[in-house]
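Just below is one structure, and these are the notes that go with it.
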Amino acid sequence: MTAEQIAKANAELRDKSALDIVKWAVAQSNGRAIVSTNFRPYEAVILHLCVQAQPEMPVLWVDHGYNRPATYIHAEHLRQLLRLNIRPYLPRMSAAHRDAIHGPIPTPDEEERLKLFSALMKLEPFQRGMEELAPTVWITALRKVQNQDRATMDIVAWDKNFNALKVNPVFNWTDMDMETYLSQHHLPNEWDYFDPAKANEKRECGLHTDWFTKAVEKV
């Protein structure tokens, strides 16, 4: 899509329901739409929306090996509940191997170590997954309230890192909107989640940034 077409799509979709946006995304995909997840809080919302539009939609999940037990249990629960077509991708290096070679998980003030951690354990396997699944449309749960970087995005954008149309159906939703959806559809949530590639909720892990490619090239 051209920049003009993307701008038009954003204008037309701004007042549409999240489910209508997912259906629009599927219609653009020529049968090659995927949704990505990390099973963080509220992820059940986007997964539920996607399986309504396309039950067998591939679900790209990078399991970096550092998830807490509750997150793995939550992922399995959602897999069974929604009959998810999960496509897991793992780093080429196990968590124990990485810790032995590179030391403890980086802290929020160790920016370069965080970028290396993210590249090794999250970005490289994600890139591998995108190359193998080769989507034309990538659906995410990005929301503008999550951090300052995401506030500058929109519902639809061209992702140059993966040469795919990125669609964010719940982009304008608040936490209360997400809570309401979970309640209305009797969906589970899980709060014992930690992403060591981000270190905190205000930082990007790299998937949605300009430095993605350079970070992956280093590993």
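Identifiers for the structure tokens are assigned positionally: chains receive A, B, ... in sequence, residues are indexed from 1 per chain, and ligands are indexed from 1 in the order shown.
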
Query raised in the report: What's the 12 Å shell around segment 95-98 of chain A, counting only C-alpha atoms, without same-chain residues fewer than 6 positions away, as a list in words?
Result: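 My reading of the contact set: Asp63, His64, Gly65, Tyr66, Asn67, Pro104, Ile105, Pro106, Leu116, Phe117, Ser118, Ala119, Leu120, Met121, Lys122 and Pro196 of chain A.
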
For the residues in the current selection, export C-alpha atoms as a tab-separated table (two decimals), in the first residue's frame.
chain	number	residue	atom	x	y	z
A	63	ASP	CA	9.52	-18.13	23.57
A	64	HIS	CA	12.79	-16.61	24.76
A	65	GLY	CA	13.02	-19.05	27.66
A	66	TYR	CA	12.70	-16.47	30.44
A	67	ASN	CA	8.94	-16.52	30.87
A	104	PRO	CA	22.71	-12.04	34.29
A	105	ILE	CA	19.76	-10.42	32.56
A	106	PRO	CA	20.65	-6.76	31.87
A	116	LEU	CA	22.22	-7.52	22.65
A	117	PHE	CA	19.94	-9.59	24.87
A	118	SER	CA	16.93	-8.61	22.78
A	119	ALA	CA	18.72	-9.38	19.51
A	120	LEU	CA	19.86	-12.83	20.67
A	121	MET	CA	16.76	-13.99	22.50
A	122	LYS	CA	13.87	-12.20	20.82
A	196	PRO	CA	13.62	-9.19	30.03

Which residues, written as number ranges by chain, have at least one atom at most 9 Å from Arg83 of chain A, with only C-alpha atoms counted and residues fewer than 3 positions away on the same chain left out?
A: 51, 55-56, 78-80, 86

Take the residues that were just selected and, keeping N, CA and C atoms, output them as a PDB file, in the first residue's frame.
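Listing of result06.pdb after writing:
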ATOM      1  N   VAL A  51      -9.058 -15.031  16.007  1.00  0.00           N
ATOM      2  CA  VAL A  51      -9.633 -16.348  15.692  1.00  0.00           C
ATOM      3  C   VAL A  51     -11.088 -16.225  15.280  1.00  0.00           C
ATOM      4  N   PRO A  55     -10.045 -18.506  12.091  1.00  0.00           N
ATOM      5  CA  PRO A  55      -9.751 -19.452  13.174  1.00  0.00           C
ATOM      6  C   PRO A  55      -8.362 -20.073  13.138  1.00  0.00           C
ATOM      7  N   GLU A  56      -7.824 -20.317  11.949  1.00  0.00           N
ATOM      8  CA  GLU A  56      -6.524 -20.979  11.848  1.00  0.00           C
ATOM      9  C   GLU A  56      -5.365 -20.005  11.651  1.00  0.00           C
ATOM     10  N   LEU A  78      -4.783 -20.508  26.916  1.00  0.00           N
ATOM     11  CA  LEU A  78      -5.340 -19.824  25.753  1.00  0.00           C
ATOM     12  C   LEU A  78      -5.247 -20.678  24.490  1.00  0.00           C
ATOM     13  N   ARG A  79      -4.181 -21.429  24.368  1.00  0.00           N
ATOM     14  CA  ARG A  79      -4.051 -22.308  23.195  1.00  0.00           C
ATOM     15  C   ARG A  79      -5.226 -23.277  23.121  1.00  0.00           C
ATOM     16  N   GLN A  80      -5.578 -23.854  24.246  1.00  0.00           N
ATOM     17  CA  GLN A  80      -6.680 -24.807  24.269  1.00  0.00           C
ATOM     18  C   GLN A  80      -8.035 -24.114  24.159  1.00  0.00           C
ATOM     19  N   ILE A  86      -0.585 -21.937  17.228  1.00  0.00           N
ATOM     20  CA  ILE A  86       0.661 -21.302  17.681  1.00  0.00           C
ATOM     21  C   ILE A  86       1.855 -21.814  16.894  1.00  0.00           C
TER      22      ILE A  86
END

Would you mind writing down, as number ranges by chain, each residue of segment 36-158 of chain A that DSSP on the backbone assigns to alpha helix (DSSP H)? A: 43-53, 69-82, 95-102, 111-118, 124-133, 148-151

* Asked: Can you list, as JSON, numbers by chain, every protein, DNA or RNA residue that comes within 8 Å of Ala44 of chain A when you count only C-alpha atoms, leaving out same-chain residues fewer than 2 positions away?
  -> {"A": [39, 41, 42, 46, 47, 48, 78, 182, 187, 188, 189]}

| said: as a list in words, please: the residues near Asp177 of chain A (cut-off 12 Å, only C-alpha atoms, same-chain neighbours under 2 positions excluded). | reply: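 Close residues of Asp177 of chain A: Ser17, Ala18, Tyr42, Val45, Arg143, Val145, Val170, Phe171, Asn172, Trp173, Thr174, Asp175, Glu179, Thr180, Tyr181, Leu182, Ser183 and Gln184 of chain A.
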
Residues from last step as file, N, CA and C atoms, as a tab-separated table (two decimals), in the first residue's frame:
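The resulting file, selection-v3.tsv, is shown below:
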chain	number	residue	atom	x	y	z
A	17	SER	N	-15.01	-0.95	14.67
A	17	SER	CA	-14.74	-1.82	15.82
A	17	SER	C	-13.44	-2.57	15.59
A	18	ALA	N	-12.85	-3.06	16.67
A	18	ALA	CA	-11.61	-3.82	16.55
A	18	ALA	C	-11.81	-5.07	15.69
A	42	TYR	N	-3.55	-8.90	28.81
A	42	TYR	CA	-4.52	-8.46	27.81
A	42	TYR	C	-4.34	-9.08	26.43
A	45	VAL	N	-7.22	-10.62	24.31
A	45	VAL	CA	-8.13	-9.78	23.51
A	45	VAL	C	-7.82	-9.91	22.03
A	143	ARG	N	-0.82	-0.61	21.44
A	143	ARG	CA	-1.77	0.43	21.83
A	143	ARG	C	-1.01	1.73	22.13
A	145	VAL	N	-1.43	3.92	24.36
A	145	VAL	CA	-1.24	4.27	25.77
A	145	VAL	C	-0.06	3.54	26.40
A	170	VAL	N	-6.45	-2.73	18.21
A	170	VAL	CA	-6.85	-2.14	19.50
A	170	VAL	C	-5.98	-0.92	19.82
A	171	PHE	N	-5.45	-0.30	18.81
A	171	PHE	CA	-4.52	0.80	19.00
A	171	PHE	C	-5.08	1.91	19.90
A	172	ASN	N	-6.35	2.21	19.76
A	172	ASN	CA	-6.94	3.32	20.51
A	172	ASN	C	-7.62	2.88	21.81
A	173	TRP	N	-7.47	1.64	22.19
A	173	TRP	CA	-8.13	1.13	23.38
A	173	TRP	C	-7.37	1.50	24.65
A	174	THR	N	-8.12	1.76	25.71
A	174	THR	CA	-7.55	1.98	27.03
A	174	THR	C	-7.47	0.66	27.78
A	175	ASP	N	-6.81	0.68	28.93
A	175	ASP	CA	-6.79	-0.52	29.77
A	175	ASP	C	-8.21	-0.93	30.16
A	179	GLU	N	-10.04	-4.50	29.73
A	179	GLU	CA	-10.65	-5.20	30.86
A	179	GLU	C	-12.11	-5.55	30.55
A	180	THR	N	-12.82	-4.60	29.96
A	180	THR	CA	-14.23	-4.82	29.63
A	180	THR	C	-14.40	-5.94	28.63
A	181	TYR	N	-13.53	-5.98	27.63
A	181	TYR	CA	-13.61	-7.03	26.61
A	181	TYR	C	-13.35	-8.41	27.24
A	182	LEU	N	-12.34	-8.49	28.08
A	182	LEU	CA	-12.05	-9.76	28.74
A	182	LEU	C	-13.25	-10.23	29.55
A	183	SER	N	-13.86	-9.31	30.26
A	183	SER	CA	-15.01	-9.66	31.09
A	183	SER	C	-16.20	-10.10	30.25
A	184	GLN	N	-16.49	-9.35	29.19
A	184	GLN	CA	-17.64	-9.66	28.34
A	184	GLN	C	-17.52	-11.03	27.67

Item to complete: Write down as a ChimeraX atom specification the residues of segment 38-207 of chain A whose backbone DSSP state falls under strand (DSSP E).
Response: /A:58-62,85-89,137-139,156-159,164-167

- Item | 6 Å contact set for Lys166 of chain A, only C-alpha atoms, chain neighbours under 2 positions out, as a list in words | Val137, Trp138, Ile139, Val156, Ala157, Trp158 and Asp159 of chain A

Requested write-out: C-alpha atoms of the selected residues, as an mmCIF file, in the first residue's frame:
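Produced file part20.cif, reproduced below:
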data_model
loop_
_atom_site.group_PDB
_atom_site.id
_atom_site.type_symbol
_atom_site.label_atom_id
_atom_site.label_comp_id
_atom_site.auth_asym_id
_atom_site.auth_seq_id
_atom_site.Cartn_x
_atom_site.Cartn_y
_atom_site.Cartn_z
ATOM 1 C CA VAL A 137 -0.255 -8.605 7.015
ATOM 2 C CA TRP A 138 1.016 -8.633 10.595
ATOM 3 C CA ILE A 139 -1.587 -8.055 13.309
ATOM 4 C CA VAL A 156 -2.225 0.787 9.981
ATOM 5 C CA ALA A 157 1.404 1.230 8.958
ATOM 6 C CA TRP A 158 3.947 -0.244 6.589
ATOM 7 C CA ASP A 159 6.605 -2.139 8.528
#

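Between atom CA of Ala164 of chain A and atom CA of Thr2 of chain A there is a distance of 12.2 Å.
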